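Enquirer: So here's entry25.cif (mmCIF, C-alpha atoms).
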```cif
data_protein
loop_
_atom_site.label_atom_id
_atom_site.label_comp_id
_atom_site.auth_asym_id
_atom_site.auth_seq_id
_atom_site.Cartn_x
_atom_site.Cartn_y
_atom_site.Cartn_z
CA MET S 687 34.97 -20.49 44.77
CA ILE S 688 34.15 -24.04 45.74
CA LYS S 689 30.48 -24.94 45.93
CA PRO S 690 29.29 -26.95 48.92
CA PRO S 691 28.05 -30.44 48.07
CA ALA S 692 24.38 -30.73 47.27
CA PRO S 693 22.25 -32.38 49.95
CA VAL S 694 21.52 -36.04 49.39
CA GLU S 695 18.01 -36.62 48.14
CA ARG S 696 15.87 -39.00 50.12
CA ARG S 697 14.26 -41.62 47.95
CA TRP S 698 11.86 -43.22 50.38
CA GLY S 699 9.78 -45.04 47.78
CA LEU S 700 12.76 -46.73 46.16
CA THR S 701 14.34 -47.48 49.53
CA LEU S 702 11.16 -49.07 50.86
CA ALA S 703 10.68 -51.09 47.68
CA SER S 704 14.27 -52.36 47.77
CA ILE S 705 13.97 -53.36 51.44
CA ILE S 706 10.74 -55.27 50.77
CA LEU S 707 12.24 -56.88 47.66
CA ALA S 708 15.42 -57.94 49.45
CA LEU S 709 13.61 -59.29 52.53
CA ALA S 710 11.10 -61.22 50.44
CA GLY S 711 13.88 -62.61 48.25
CA TRP S 712 16.27 -63.64 51.01
CA GLY S 713 13.49 -64.93 53.25
CA GLY S 714 12.01 -66.92 50.38
CA LEU S 715 15.43 -68.36 49.54
CA ILE S 716 15.87 -69.54 53.12
CA TRP S 717 12.41 -71.15 52.99
CA VAL S 718 13.07 -72.82 49.61
CA ALA S 719 16.45 -74.13 50.73
CA ASN S 720 15.15 -75.55 54.02
CA PHE S 721 11.62 -76.76 53.33
CA THR S 722 11.36 -77.91 49.70
CA LEU S 723 12.71 -80.66 47.54
CA PRO S 724 14.66 -79.67 44.40
CA THR S 725 11.97 -80.48 41.87
CA VAL S 726 10.99 -78.31 38.92
CA GLY S 727 8.62 -75.92 40.73
CA PRO S 728 10.88 -75.01 43.65
CA ARG S 729 13.83 -74.76 41.28
CA TRP S 730 12.12 -72.01 39.25
CA LEU S 731 10.96 -70.43 42.50
CA PHE S 732 14.61 -70.37 43.56
CA PHE S 733 15.58 -68.45 40.39
CA ALA S 734 12.78 -65.92 40.90
CA LEU S 735 13.64 -65.41 44.57
CA TRP S 736 17.36 -65.20 43.79
CA PHE S 737 16.58 -62.50 41.21
CA MET S 738 14.46 -60.60 43.76
CA ALA S 739 17.10 -60.88 46.49
CA LEU S 740 19.94 -59.68 44.29
CA THR S 741 17.90 -56.84 42.80
CA GLY S 742 16.74 -55.57 46.18
CA THR S 743 20.23 -55.83 47.63
CA ALA S 744 21.85 -54.03 44.68
CA VAL S 745 19.66 -50.89 44.86
CA PRO S 746 21.65 -49.18 47.67
CA PHE S 747 24.94 -50.02 45.96
CA ALA S 748 23.70 -48.61 42.65
CA GLY S 749 22.61 -45.46 44.46
CA TYR S 750 25.99 -45.10 46.14
CA LEU S 751 27.94 -45.63 42.92
CA ASN S 752 25.75 -43.13 41.08
CA ARG S 753 26.16 -40.55 43.85
CA ARG S 754 29.91 -41.11 43.82
CA PHE S 755 30.66 -41.20 40.09
CA ALA S 756 27.74 -39.75 38.09
CA ARG S 757 27.52 -36.10 37.11
CA ALA S 758 23.96 -35.82 38.38
CA LEU S 759 21.85 -38.15 40.45
CA PRO S 760 19.69 -40.20 38.07
CA PRO S 761 15.99 -40.85 38.63
CA ASP S 762 14.74 -43.84 40.61
CA SER S 763 13.91 -45.75 37.45
CA VAL S 764 17.57 -45.74 36.39
CA LEU S 765 18.72 -47.01 39.78
CA LEU S 766 16.13 -49.77 39.65
CA ARG S 767 17.12 -50.69 36.09
CA GLN S 768 20.78 -50.95 37.06
CA SER S 769 19.86 -53.13 40.02
CA ILE S 770 17.75 -55.33 37.77
CA TRP S 771 20.83 -55.93 35.62
CA VAL S 772 22.64 -57.25 38.72
CA GLY S 773 19.72 -59.55 39.54
CA LEU S 774 19.50 -60.75 35.95
CA PHE S 775 23.24 -61.47 35.89
CA GLY S 776 23.06 -63.47 39.13
CA ALA S 777 19.98 -65.45 38.10
CA THR S 778 21.45 -66.22 34.68
CA CYS S 779 24.73 -67.35 36.24
CA ALA S 780 22.81 -69.62 38.65
CA TRP S 781 20.84 -71.07 35.73
CA LEU S 782 24.01 -71.66 33.72
CA GLN S 783 25.65 -73.30 36.71
CA LEU S 784 22.75 -75.72 36.97
CA GLY S 785 23.67 -77.13 33.56
CA ARG S 786 27.41 -76.87 34.29
CA ALA S 787 27.76 -74.34 31.46
CA LEU S 788 29.10 -71.47 33.59
CA ASN S 789 32.79 -70.73 33.46
CA TRP S 790 34.88 -67.58 33.71
CA THR S 791 34.56 -66.82 30.03
CA THR S 792 30.78 -67.04 29.87
CA GLY S 793 30.44 -65.06 33.10
CA ILE S 794 32.67 -62.27 31.85
CA LEU S 795 30.99 -62.20 28.44
CA LEU S 796 27.55 -62.07 30.05
CA ALA S 797 28.64 -59.23 32.35
CA ALA S 798 30.17 -57.35 29.40
CA ALA S 799 26.99 -57.78 27.33
CA LEU S 800 24.77 -56.49 30.15
CA ALA S 801 27.16 -53.58 30.79
CA ALA S 802 27.15 -52.71 27.08
CA ILE S 803 23.34 -52.70 27.02
CA GLU S 804 23.27 -50.34 30.03
CA ILE S 805 25.87 -48.07 28.43
CA PHE S 806 23.87 -47.91 25.19
CA ILE S 807 20.66 -47.13 27.09
CA SER S 808 22.35 -44.35 29.06
CA LEU S 809 23.97 -42.91 25.91
CA ARG S 810 20.59 -42.86 24.19
CA ALA S 811 18.98 -41.11 27.16
CA ARG S 812 21.80 -38.57 27.28
CA SER S 813 21.59 -37.84 23.56
CA LYS S 814 17.90 -36.92 23.61
CA TRP S 815 17.45 -33.20 23.14
CA THR S 816 14.35 -31.26 24.01
CA PRO S 817 13.69 -27.59 23.24
CA ASP S 818 13.26 -26.91 26.96
CA ASP S 819 17.00 -27.58 27.48
CA THR S 820 18.07 -24.30 25.84
CA PRO S 821 19.68 -21.85 28.22
CA PRO S 822 17.48 -18.90 29.19
CA THR S 823 20.11 -16.38 28.01
CA ALA S 824 20.25 -17.74 24.46
CA LYS S 825 19.16 -15.15 21.90
CA ARG S 826 17.80 -15.84 18.45
#
```
Just give me the structure of the file as structure tokens.
Expert:
Amino acid sequence: MIKPPAPVERRWGLTLASIILALAGWGGLIWVANFTLPTVGPRWLFFALWFMALTGTAVPFAGYLNRRFARALPPDSVLLRQSIWVGLFGATCAWLQLGRALNWTTGILLAAALAAIEIFISLRARSKWTPDDTPPTAKR
């Protein structure tokens, strides 16, 4: 017998935080691009706002991909961590491009390194065993 799909959980806190993060990031980027000169301070502000914008924008996509491909829906902290990896990748690529050090090889290696870190973190979390995980029908 086929089970009906489980209802989608509403994650209002994470959704609200991602909307605020994305709006602050994209709005700040528009302000930095239009009203500042590219000196040291606004340049670092650009990297911080770029990180915020990408992280806030990636949260819904991380949620969708986890709903589509994961066995179980992970907690909000995992979705936020995966979105932070996207923001970190984008900010690092922008920083590397500033020094003309970004090419396809470094971008792919950076993405592979961040993906490997996420895989190792998820494998570690999956391998943790607690005594409360034993099935209730198990007899000793």
Enquirer: Please build the interface table for stretch 757-780 of chain S against stretch 740-749 of chain S with a cut-off of 9 Å, listing for each qualifying residue the nearest atom pair and the distance in Å to one decimal; count only C-alpha atoms, order rows by chain and increasing number, and write it as CSV.
Expert:
```
residue,atom,partner,partner_atom,distance
S:Leu759,CA,S:Gly749,CA,8.4
S:Pro760,CA,S:Gly749,CA,8.8
S:Asp762,CA,S:Gly749,CA,8.9
S:Leu765,CA,S:Ala748,CA,6.0
S:Leu766,CA,S:Val745,CA,6.4
S:Gln768,CA,S:Ala748,CA,6.7
S:Ser769,CA,S:Thr741,CA,5.0
S:Ile770,CA,S:Thr741,CA,5.3
S:Trp771,CA,S:Thr741,CA,7.8
S:Val772,CA,S:Thr741,CA,6.3
S:Gly773,CA,S:Thr741,CA,4.6
S:Leu774,CA,S:Thr741,CA,8.0
S:Gly776,CA,S:Leu740,CA,7.1
S:Ala777,CA,S:Leu740,CA,8.5
```
Enquirer: So that I have them on file, write out the residues from the current selection with C-alpha atoms, as a PDB file, in the frame of the given file.
Expert:
```
ATOM      1  CA  LEU S 759      21.850 -38.150  40.450  1.00  0.00           C
ATOM      2  CA  PRO S 760      19.690 -40.200  38.070  1.00  0.00           C
ATOM      3  CA  ASP S 762      14.740 -43.840  40.610  1.00  0.00           C
ATOM      4  CA  LEU S 765      18.720 -47.010  39.780  1.00  0.00           C
ATOM      5  CA  LEU S 766      16.130 -49.770  39.650  1.00  0.00           C
ATOM      6  CA  GLN S 768      20.780 -50.950  37.060  1.00  0.00           C
ATOM      7  CA  SER S 769      19.860 -53.130  40.020  1.00  0.00           C
ATOM      8  CA  ILE S 770      17.750 -55.330  37.770  1.00  0.00           C
ATOM      9  CA  TRP S 771      20.830 -55.930  35.620  1.00  0.00           C
ATOM     10  CA  VAL S 772      22.640 -57.250  38.720  1.00  0.00           C
ATOM     11  CA  GLY S 773      19.720 -59.550  39.540  1.00  0.00           C
ATOM     12  CA  LEU S 774      19.500 -60.750  35.950  1.00  0.00           C
ATOM     13  CA  GLY S 776      23.060 -63.470  39.130  1.00  0.00           C
ATOM     14  CA  ALA S 777      19.980 -65.450  38.100  1.00  0.00           C
TER      15      ALA S 777
END
```
Enquirer: Go through S:Ala708, S:Arg810, S:Arg767, S:Thr792 and flag the residue nearest S:Leu735, using all atoms listed in the file for the distances.
Expert: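 Looking only at the distances to S:Leu735, the closest residue turns out to be S:Ala708.
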Enquirer: Spell out the residues picked by the PyMOL selection byres ((chain S and resi 710) around 12) here, as an MDAnalysis selection string.
Expert: chainID S and resid 703:709 711:718 732 734:743
Enquirer: Which residues, written as an NGL selection string, have at least one atom at most 7 Å from S:Ala797, with all atoms listed in the file counted and residues fewer than 4 positions away on the same chain left out?
Expert: :S and (775 or 793 or 801)
Enquirer: Kindly output stretch 692-727 of chain S as a PDB file, keeping the file's coordinate frame, after building N, CA and C atoms.
Expert:
```pdb
ATOM      1  N   ALA S 692      25.845 -30.763  47.217  1.00  0.00           N
ATOM      2  CA  ALA S 692      24.380 -30.730  47.270  1.00  0.00           C
ATOM      3  C   ALA S 692      23.876 -31.731  48.296  1.00  0.00           C
ATOM      4  N   PRO S 693      22.776 -31.425  48.969  1.00  0.00           N
ATOM      5  CA  PRO S 693      22.250 -32.380  49.950  1.00  0.00           C
ATOM      6  C   PRO S 693      21.774 -33.646  49.248  1.00  0.00           C
ATOM      7  N   VAL S 694      21.925 -34.746  49.944  1.00  0.00           N
ATOM      8  CA  VAL S 694      21.520 -36.040  49.390  1.00  0.00           C
ATOM      9  C   VAL S 694      20.005 -36.122  49.391  1.00  0.00           C
ATOM     10  N   GLU S 695      19.459 -36.476  48.244  1.00  0.00           N
ATOM     11  CA  GLU S 695      18.010 -36.620  48.140  1.00  0.00           C
ATOM     12  C   GLU S 695      17.568 -37.895  48.847  1.00  0.00           C
ATOM     13  N   ARG S 696      16.456 -37.816  49.497  1.00  0.00           N
ATOM     14  CA  ARG S 696      15.870 -39.000  50.120  1.00  0.00           C
ATOM     15  C   ARG S 696      14.914 -39.631  49.134  1.00  0.00           C
ATOM     16  N   ARG S 697      15.098 -40.889  48.884  1.00  0.00           N
ATOM     17  CA  ARG S 697      14.260 -41.620  47.950  1.00  0.00           C
ATOM     18  C   ARG S 697      13.536 -42.709  48.737  1.00  0.00           C
ATOM     19  N   TRP S 698      12.530 -42.296  49.471  1.00  0.00           N
ATOM     20  CA  TRP S 698      11.860 -43.220  50.380  1.00  0.00           C
ATOM     21  C   TRP S 698      11.120 -44.324  49.639  1.00  0.00           C
ATOM     22  N   GLY S 699      10.513 -44.013  48.522  1.00  0.00           N
ATOM     23  CA  GLY S 699       9.780 -45.040  47.780  1.00  0.00           C
ATOM     24  C   GLY S 699      10.686 -46.137  47.278  1.00  0.00           C
ATOM     25  N   LEU S 700      11.804 -45.746  46.669  1.00  0.00           N
ATOM     26  CA  LEU S 700      12.760 -46.730  46.160  1.00  0.00           C
ATOM     27  C   LEU S 700      13.420 -47.497  47.302  1.00  0.00           C
ATOM     28  N   THR S 701      13.720 -46.809  48.381  1.00  0.00           N
ATOM     29  CA  THR S 701      14.340 -47.480  49.530  1.00  0.00           C
ATOM     30  C   THR S 701      13.396 -48.506  50.140  1.00  0.00           C
ATOM     31  N   LEU S 702      12.147 -48.135  50.305  1.00  0.00           N
ATOM     32  CA  LEU S 702      11.160 -49.070  50.860  1.00  0.00           C
ATOM     33  C   LEU S 702      10.949 -50.260  49.937  1.00  0.00           C
ATOM     34  N   ALA S 703      10.862 -49.994  48.639  1.00  0.00           N
ATOM     35  CA  ALA S 703      10.680 -51.090  47.680  1.00  0.00           C
ATOM     36  C   ALA S 703      11.883 -52.029  47.679  1.00  0.00           C
ATOM     37  N   SER S 704      13.091 -51.491  47.774  1.00  0.00           N
ATOM     38  CA  SER S 704      14.270 -52.360  47.770  1.00  0.00           C
ATOM     39  C   SER S 704      14.364 -53.178  49.048  1.00  0.00           C
ATOM     40  N   ILE S 705      13.955 -52.606  50.175  1.00  0.00           N
ATOM     41  CA  ILE S 705      13.970 -53.360  51.440  1.00  0.00           C
ATOM     42  C   ILE S 705      12.967 -54.511  51.371  1.00  0.00           C
ATOM     43  N   ILE S 706      11.767 -54.227  50.887  1.00  0.00           N
ATOM     44  CA  ILE S 706      10.740 -55.270  50.770  1.00  0.00           C
ATOM     45  C   ILE S 706      11.195 -56.353  49.793  1.00  0.00           C
ATOM     46  N   LEU S 707      11.771 -55.932  48.665  1.00  0.00           N
ATOM     47  CA  LEU S 707      12.240 -56.880  47.660  1.00  0.00           C
ATOM     48  C   LEU S 707      13.355 -57.766  48.206  1.00  0.00           C
ATOM     49  N   ALA S 708      14.303 -57.158  48.903  1.00  0.00           N
ATOM     50  CA  ALA S 708      15.420 -57.940  49.450  1.00  0.00           C
ATOM     51  C   ALA S 708      14.946 -58.884  50.550  1.00  0.00           C
ATOM     52  N   LEU S 709      14.095 -58.410  51.445  1.00  0.00           N
ATOM     53  CA  LEU S 709      13.610 -59.290  52.530  1.00  0.00           C
ATOM     54  C   LEU S 709      12.776 -60.434  51.996  1.00  0.00           C
ATOM     55  N   ALA S 710      11.904 -60.149  51.026  1.00  0.00           N
ATOM     56  CA  ALA S 710      11.100 -61.220  50.440  1.00  0.00           C
ATOM     57  C   ALA S 710      11.986 -62.219  49.706  1.00  0.00           C
ATOM     58  N   GLY S 711      12.981 -61.717  48.993  1.00  0.00           N
ATOM     59  CA  GLY S 711      13.880 -62.610  48.250  1.00  0.00           C
ATOM     60  C   GLY S 711      14.728 -63.478  49.161  1.00  0.00           C
ATOM     61  N   TRP S 712      15.400 -62.856  50.126  1.00  0.00           N
ATOM     62  CA  TRP S 712      16.270 -63.640  51.010  1.00  0.00           C
ATOM     63  C   TRP S 712      15.470 -64.556  51.925  1.00  0.00           C
ATOM     64  N   GLY S 713      14.337 -64.070  52.423  1.00  0.00           N
ATOM     65  CA  GLY S 713      13.490 -64.930  53.250  1.00  0.00           C
ATOM     66  C   GLY S 713      12.926 -66.103  52.467  1.00  0.00           C
ATOM     67  N   GLY S 714      12.507 -65.843  51.237  1.00  0.00           N
ATOM     68  CA  GLY S 714      12.010 -66.920  50.380  1.00  0.00           C
ATOM     69  C   GLY S 714      13.098 -67.918  50.029  1.00  0.00           C
ATOM     70  N   LEU S 715      14.315 -67.443  49.825  1.00  0.00           N
ATOM     71  CA  LEU S 715      15.430 -68.360  49.540  1.00  0.00           C
ATOM     72  C   LEU S 715      15.715 -69.267  50.728  1.00  0.00           C
ATOM     73  N   ILE S 716      15.658 -68.709  51.923  1.00  0.00           N
ATOM     74  CA  ILE S 716      15.870 -69.540  53.120  1.00  0.00           C
ATOM     75  C   ILE S 716      14.762 -70.595  53.215  1.00  0.00           C
ATOM     76  N   TRP S 717      13.518 -70.185  52.942  1.00  0.00           N
ATOM     77  CA  TRP S 717      12.410 -71.150  52.990  1.00  0.00           C
ATOM     78  C   TRP S 717      12.567 -72.227  51.927  1.00  0.00           C
ATOM     79  N   VAL S 718      12.913 -71.835  50.697  1.00  0.00           N
ATOM     80  CA  VAL S 718      13.070 -72.820  49.610  1.00  0.00           C
ATOM     81  C   VAL S 718      14.207 -73.784  49.921  1.00  0.00           C
ATOM     82  N   ALA S 719      15.301 -73.272  50.445  1.00  0.00           N
ATOM     83  CA  ALA S 719      16.450 -74.130  50.730  1.00  0.00           C
ATOM     84  C   ALA S 719      16.175 -75.100  51.873  1.00  0.00           C
ATOM     85  N   ASN S 720      15.355 -74.704  52.837  1.00  0.00           N
ATOM     86  CA  ASN S 720      15.150 -75.550  54.020  1.00  0.00           C
ATOM     87  C   ASN S 720      13.918 -76.430  53.962  1.00  0.00           C
ATOM     88  N   PHE S 721      12.893 -76.058  53.221  1.00  0.00           N
ATOM     89  CA  PHE S 721      11.620 -76.760  53.330  1.00  0.00           C
ATOM     90  C   PHE S 721      11.084 -77.333  52.022  1.00  0.00           C
ATOM     91  N   THR S 722      11.846 -77.345  50.960  1.00  0.00           N
ATOM     92  CA  THR S 722      11.360 -77.910  49.700  1.00  0.00           C
ATOM     93  C   THR S 722      12.360 -78.903  49.141  1.00  0.00           C
ATOM     94  N   LEU S 723      11.850 -79.736  48.267  1.00  0.00           N
ATOM     95  CA  LEU S 723      12.710 -80.660  47.540  1.00  0.00           C
ATOM     96  C   LEU S 723      13.068 -80.028  46.190  1.00  0.00           C
ATOM     97  N   PRO S 724      14.242 -80.329  45.650  1.00  0.00           N
ATOM     98  CA  PRO S 724      14.660 -79.670  44.400  1.00  0.00           C
ATOM     99  C   PRO S 724      13.985 -80.246  43.159  1.00  0.00           C
ATOM    100  N   THR S 725      12.695 -80.092  43.078  1.00  0.00           N
ATOM    101  CA  THR S 725      11.970 -80.480  41.870  1.00  0.00           C
ATOM    102  C   THR S 725      11.830 -79.255  40.975  1.00  0.00           C
ATOM    103  N   VAL S 726      11.057 -79.382  39.912  1.00  0.00           N
ATOM    104  CA  VAL S 726      10.990 -78.310  38.920  1.00  0.00           C
ATOM    105  C   VAL S 726      10.387 -77.027  39.487  1.00  0.00           C
ATOM    106  N   GLY S 727       9.283 -77.123  40.202  1.00  0.00           N
ATOM    107  CA  GLY S 727       8.620 -75.920  40.730  1.00  0.00           C
ATOM    108  C   GLY S 727       9.497 -75.129  41.690  1.00  0.00           C
TER     109      GLY S 727
END
```
